[in-house]
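Asker: My file is start_20.cif. It has mmCIF, C-alpha atoms:
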```cif
data_protein
#
loop_
_atom_site.group_PDB
_atom_site.id
_atom_site.type_symbol
_atom_site.label_atom_id
_atom_site.label_comp_id
_atom_site.auth_asym_id
_atom_site.auth_seq_id
_atom_site.Cartn_x
_atom_site.Cartn_y
_atom_site.Cartn_z
ATOM 1 C CA MET A 1 21.738 29.330 35.356
ATOM 2 C CA HIS A 2 21.771 25.531 35.353
ATOM 3 C CA LYS A 3 20.290 25.409 31.819
ATOM 4 C CA LEU A 4 22.921 27.842 30.574
ATOM 5 C CA SER A 5 25.763 25.703 31.937
ATOM 6 C CA ILE A 6 24.274 22.596 30.287
ATOM 7 C CA PHE A 7 23.989 24.463 26.983
ATOM 8 C CA ILE A 8 27.607 25.674 27.216
ATOM 9 C CA SER A 9 28.774 22.153 28.086
ATOM 10 C CA LEU A 10 26.946 20.669 25.092
ATOM 11 C CA LEU A 11 28.319 23.358 22.805
ATOM 12 C CA ALA A 12 31.861 22.684 24.047
ATOM 13 C CA LEU A 13 31.332 18.950 23.488
ATOM 14 C CA ALA A 14 30.134 19.562 19.929
ATOM 15 C CA LEU A 15 33.146 21.724 19.120
ATOM 16 C CA ALA A 16 35.655 19.421 20.834
ATOM 17 C CA SER A 17 34.425 16.282 19.078
ATOM 18 C CA ALA A 18 35.801 17.370 15.704
ATOM 19 C CA CYS A 19 38.470 15.336 13.955
ATOM 20 C CA THR A 20 40.356 16.002 10.719
ATOM 21 C CA SER A 21 42.770 13.647 8.972
ATOM 22 C CA THR A 22 44.854 14.536 5.927
ATOM 23 C CA TYR A 23 46.427 12.056 3.506
ATOM 24 C CA GLN A 24 48.595 12.357 0.381
ATOM 25 C CA VAL A 25 48.152 9.848 -2.433
ATOM 26 C CA GLY A 26 49.713 9.697 -5.871
ATOM 27 C CA MET A 27 46.589 9.153 -7.972
ATOM 28 C CA LEU A 28 42.823 8.639 -7.899
ATOM 29 C CA SER A 29 41.100 7.712 -11.154
ATOM 30 C CA LEU A 30 37.651 6.981 -12.525
ATOM 31 C CA GLY A 31 39.114 6.145 -15.952
ATOM 32 C CA ASP A 32 40.613 3.079 -17.592
ATOM 33 C CA LEU A 33 44.367 3.174 -16.905
ATOM 34 C CA GLU A 34 45.163 -0.439 -17.802
ATOM 35 C CA GLY A 35 48.398 -0.579 -19.764
ATOM 36 C CA LYS A 36 48.867 3.204 -19.800
ATOM 37 C CA THR A 37 51.906 5.115 -18.618
ATOM 38 C CA ILE A 38 51.683 8.379 -16.719
ATOM 39 C CA PRO A 39 54.766 10.523 -17.428
ATOM 40 C CA ALA A 40 56.631 11.707 -14.327
ATOM 41 C CA ASP A 41 56.361 15.342 -15.422
ATOM 42 C CA MET A 42 52.591 15.207 -16.097
ATOM 43 C CA THR A 43 50.665 18.160 -14.666
ATOM 44 C CA GLY A 44 47.138 19.415 -14.996
ATOM 45 C CA GLU A 45 44.584 21.885 -13.793
ATOM 46 C CA VAL A 46 44.154 21.842 -9.994
ATOM 47 C CA ARG A 47 40.608 20.693 -9.193
ATOM 48 C CA SER A 48 38.862 19.934 -5.924
ATOM 49 C CA GLY A 49 35.653 18.268 -4.839
ATOM 50 C CA GLU A 50 33.934 16.920 -1.781
ATOM 51 C CA SER A 51 31.303 14.541 -0.546
ATOM 52 C CA CYS A 52 29.454 15.380 2.666
ATOM 53 C CA TRP A 53 26.569 14.431 4.891
ATOM 54 C CA TRP A 54 25.621 11.112 6.500
ATOM 55 C CA SER A 55 27.114 8.910 3.808
ATOM 56 C CA HIS A 56 30.250 10.435 2.282
ATOM 57 C CA HIS A 57 32.524 8.597 -0.152
ATOM 58 C CA LEU A 58 35.938 9.219 -1.669
ATOM 59 C CA SER A 59 34.677 8.239 -5.135
ATOM 60 C CA ASP A 60 31.897 10.834 -4.909
ATOM 61 C CA ALA A 61 34.446 13.512 -3.981
ATOM 62 C CA VAL A 62 36.552 12.588 -7.047
ATOM 63 C CA ARG A 63 33.449 12.672 -9.278
ATOM 64 C CA ASP A 64 32.614 16.110 -7.873
ATOM 65 C CA ALA A 65 36.137 17.344 -8.663
ATOM 66 C CA VAL A 66 35.993 16.311 -12.329
ATOM 67 C CA GLU A 67 32.278 16.953 -12.955
ATOM 68 C CA GLY A 68 31.567 18.889 -16.133
ATOM 69 C CA THR A 69 35.051 18.319 -17.569
ATOM 70 C CA ASN A 70 36.807 15.693 -19.700
ATOM 71 C CA TYR A 71 39.099 14.882 -16.779
ATOM 72 C CA ASP A 72 38.802 11.528 -15.026
ATOM 73 C CA THR A 73 42.020 11.261 -13.014
ATOM 74 C CA LEU A 74 43.585 13.296 -10.202
ATOM 75 C CA LEU A 75 47.346 13.252 -9.584
ATOM 76 C CA ASP A 76 49.262 14.259 -6.429
ATOM 77 C CA VAL A 77 46.048 14.217 -4.432
ATOM 78 C CA THR A 78 45.458 15.620 -0.963
ATOM 79 C CA ILE A 79 42.568 13.936 0.837
ATOM 80 C CA GLU A 80 41.056 15.535 3.914
ATOM 81 C CA ALA A 81 38.519 13.580 5.967
ATOM 82 C CA ARG A 82 36.538 15.688 8.437
ATOM 83 C CA SER A 83 34.277 14.256 11.126
ATOM 84 C CA ARG A 84 32.179 16.554 13.257
ATOM 85 C CA PHE A 85 29.490 16.220 15.887
ATOM 86 C CA PHE A 86 26.760 17.227 13.438
ATOM 87 C CA VAL A 87 26.163 14.775 10.564
ATOM 88 C CA TRP A 88 25.995 17.467 7.863
ATOM 89 C CA SER A 89 29.560 18.503 8.739
ATOM 90 C CA ASN A 90 31.134 15.124 7.923
ATOM 91 C CA CYS A 91 33.039 15.401 4.638
ATOM 92 C CA VAL A 92 35.713 13.942 2.407
ATOM 93 C CA HIS A 93 37.546 16.639 0.420
ATOM 94 C CA VAL A 94 40.009 15.936 -2.439
ATOM 95 C CA GLU A 95 42.322 18.248 -4.358
ATOM 96 C CA GLY A 96 44.742 17.326 -7.127
ATOM 97 C CA GLN A 97 45.932 17.910 -10.671
ATOM 98 C CA ALA A 98 43.282 16.735 -13.117
ATOM 99 C CA ILE A 99 44.129 14.890 -16.340
ATOM 100 C CA ASP A 100 42.217 13.036 -19.054
ATOM 101 C CA SER A 101 43.408 9.420 -19.008
ATOM 102 C CA SER A 102 42.155 8.787 -22.561
ATOM 103 C CA LYS A 103 45.027 10.975 -23.811
ATOM 104 C CA LEU A 104 47.701 8.871 -22.110
ATOM 105 C CA GLU A 105 49.794 6.578 -24.271
ATOM 106 C CA GLN A 106 49.938 2.829 -23.883
ATOM 107 C CA GLY A 107 52.986 1.655 -21.976
ATOM 108 C CA VAL A 108 55.835 -0.338 -23.486
ATOM 109 C CA LYS A 109 55.086 -4.082 -23.492
ATOM 110 C CA GLN A 110 57.839 -6.258 -22.118
#
```
Would you kindly transcribe this structure into structure tokens?
Answerer:
Amino acid sequence: MHKLSIFISLLALALASACTSTYQVGMLSLGDLEGKTIPADMTGEVRSGESCWWSHHLSDAVRDAVEGTNYDTLLDVTIEARSRFFVWSNCVHVEGQAIDSSKLEQGVKQ
């Protein structure tokens, strides 16, 4: 009985030690945006990606979201960072509207 109570306590600890944080950001990009203007009404295909395991990175999650496409920028992005007791459960997840920054026009020089 003592071993069962220890197991249940450890299981409860593992489940209770979870933490999730959600953030909203305007843009994440892997492209060259210098001097370019993003129109206010710009929309794109909704794409998502994540990076998990021991070492998880926001840039890897963005790369995962746009992998296999011509997109390199996410707009109106939701970022969810999840930390769990087990290392393989730690993740960064991103979701946003994907666009190709090479198709953006140069901004007006002042």
Asker: Identify all residues satisfying the PyMOL selection byres ((chain A and resi 88) around 12) in the given file; provide them as a compact mmCIF listing (two decimals) with C-alpha atoms, in the frame of the given file.
Answerer:
```txt
# COMPACT_ATOMS: atom_id res chain seq x y z
CA SER A 51 31.30 14.54 -0.55
CA CYS A 52 29.45 15.38 2.67
CA TRP A 53 26.57 14.43 4.89
CA TRP A 54 25.62 11.11 6.50
CA SER A 55 27.11 8.91 3.81
CA HIS A 56 30.25 10.44 2.28
CA ARG A 82 36.54 15.69 8.44
CA SER A 83 34.28 14.26 11.13
CA ARG A 84 32.18 16.55 13.26
CA PHE A 85 29.49 16.22 15.89
CA PHE A 86 26.76 17.23 13.44
CA VAL A 87 26.16 14.78 10.56
CA SER A 89 29.56 18.50 8.74
CA ASN A 90 31.13 15.12 7.92
CA CYS A 91 33.04 15.40 4.64
CA VAL A 92 35.71 13.94 2.41
```
Asker: Report the residues retrieved by the PyMOL selection byres ((chain A and resi 97) around 6) from the displayed file, expressed as a short mmCIF file (atom, residue, chain, number, x, y, z; two decimals) with C-alpha atoms, keeping the file's coordinate frame.
Answerer:
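The new file result-v3.cif reads:
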```cif
data_model
loop_
_atom_site.label_atom_id
_atom_site.label_comp_id
_atom_site.auth_asym_id
_atom_site.auth_seq_id
_atom_site.Cartn_x
_atom_site.Cartn_y
_atom_site.Cartn_z
CA GLY A 44 47.14 19.42 -15.00
CA GLU A 45 44.58 21.88 -13.79
CA VAL A 46 44.15 21.84 -9.99
CA LEU A 74 43.58 13.30 -10.20
CA LEU A 75 47.35 13.25 -9.58
CA GLY A 96 44.74 17.33 -7.13
CA ALA A 98 43.28 16.74 -13.12
#
```
Asker: Considering all atoms listed in the file, state which residue in the set A:Val62, A:Gly31, A:Tyr23, A:Ala18 is at the smallest distance from Asp100 in chain A.
Answerer: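 Using all atoms listed in the file, the shortest distance to Asp100 in chain A belongs to A:Gly31.
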Asker: Within 12 Å of Glu95 in chain A, counting only C-alpha atoms, which residues show up once you throw out same-chain ones fewer than 3 positions away? Write them as a ChimeraX atom specification, please.
Answerer: /A:22-28,44-50,58,61-66,73-81,92,98
Asker: I'd like to see the residues matched by the PyMOL selection byres ((chain A and resi 37) around 7) on this file, and ideally I'd get them as a PDB file with C-alpha atoms, in the coordinates of the input.
Answerer:
```pdb
ATOM      1  CA  GLY A  35      48.398  -0.579 -19.764  1.00  0.00           C
ATOM      2  CA  LYS A  36      48.867   3.204 -19.800  1.00  0.00           C
ATOM      3  CA  ILE A  38      51.683   8.379 -16.719  1.00  0.00           C
ATOM      4  CA  PRO A  39      54.766  10.523 -17.428  1.00  0.00           C
ATOM      5  CA  LEU A 104      47.701   8.871 -22.110  1.00  0.00           C
ATOM      6  CA  GLU A 105      49.794   6.578 -24.271  1.00  0.00           C
ATOM      7  CA  GLN A 106      49.938   2.829 -23.883  1.00  0.00           C
ATOM      8  CA  GLY A 107      52.986   1.655 -21.976  1.00  0.00           C
TER       9      GLY A 107
END
```
Asker: Using CA of Lys103 in chain A and CA of Ser59 in chain A as the two end points, give the distance in Å to one decimal.
Answerer: 21.5 Å
Asker: From the options A:Asp32, A:Ser102, A:Lys3, A:His93, which residue's atoms come nearest to Thr20 in chain A, counting all atoms listed in the file?
Answerer: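 Looking only at the distances to Thr20 in chain A, the closest residue turns out to be A:His93.
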Asker: Quick one: pull the distance between CA of Glu34 in chain A and CA of Asp72 in chain A, Å, one decimal.
Answerer: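 For CA of Glu34 in chain A relative to CA of Asp72 in chain A, the distance reads 13.8 Å.
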Asker: What is the distance between CA of Ser21 in chain A and CA of His57 in chain A, in Å to one decimal?
Answerer: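 Answer for the CA of Ser21 in chain A to CA of His57 in chain A separation: 14.6 Å.
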Asker: Check the smallest atom-to-atom distance from each of A:Ile99, A:Met42, A:Val94, A:Leu10 to Asp60 in chain A using all atoms listed in the file, then report the winner.
Answerer: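 Closest residue, counting all atoms listed in the file: A:Val94.
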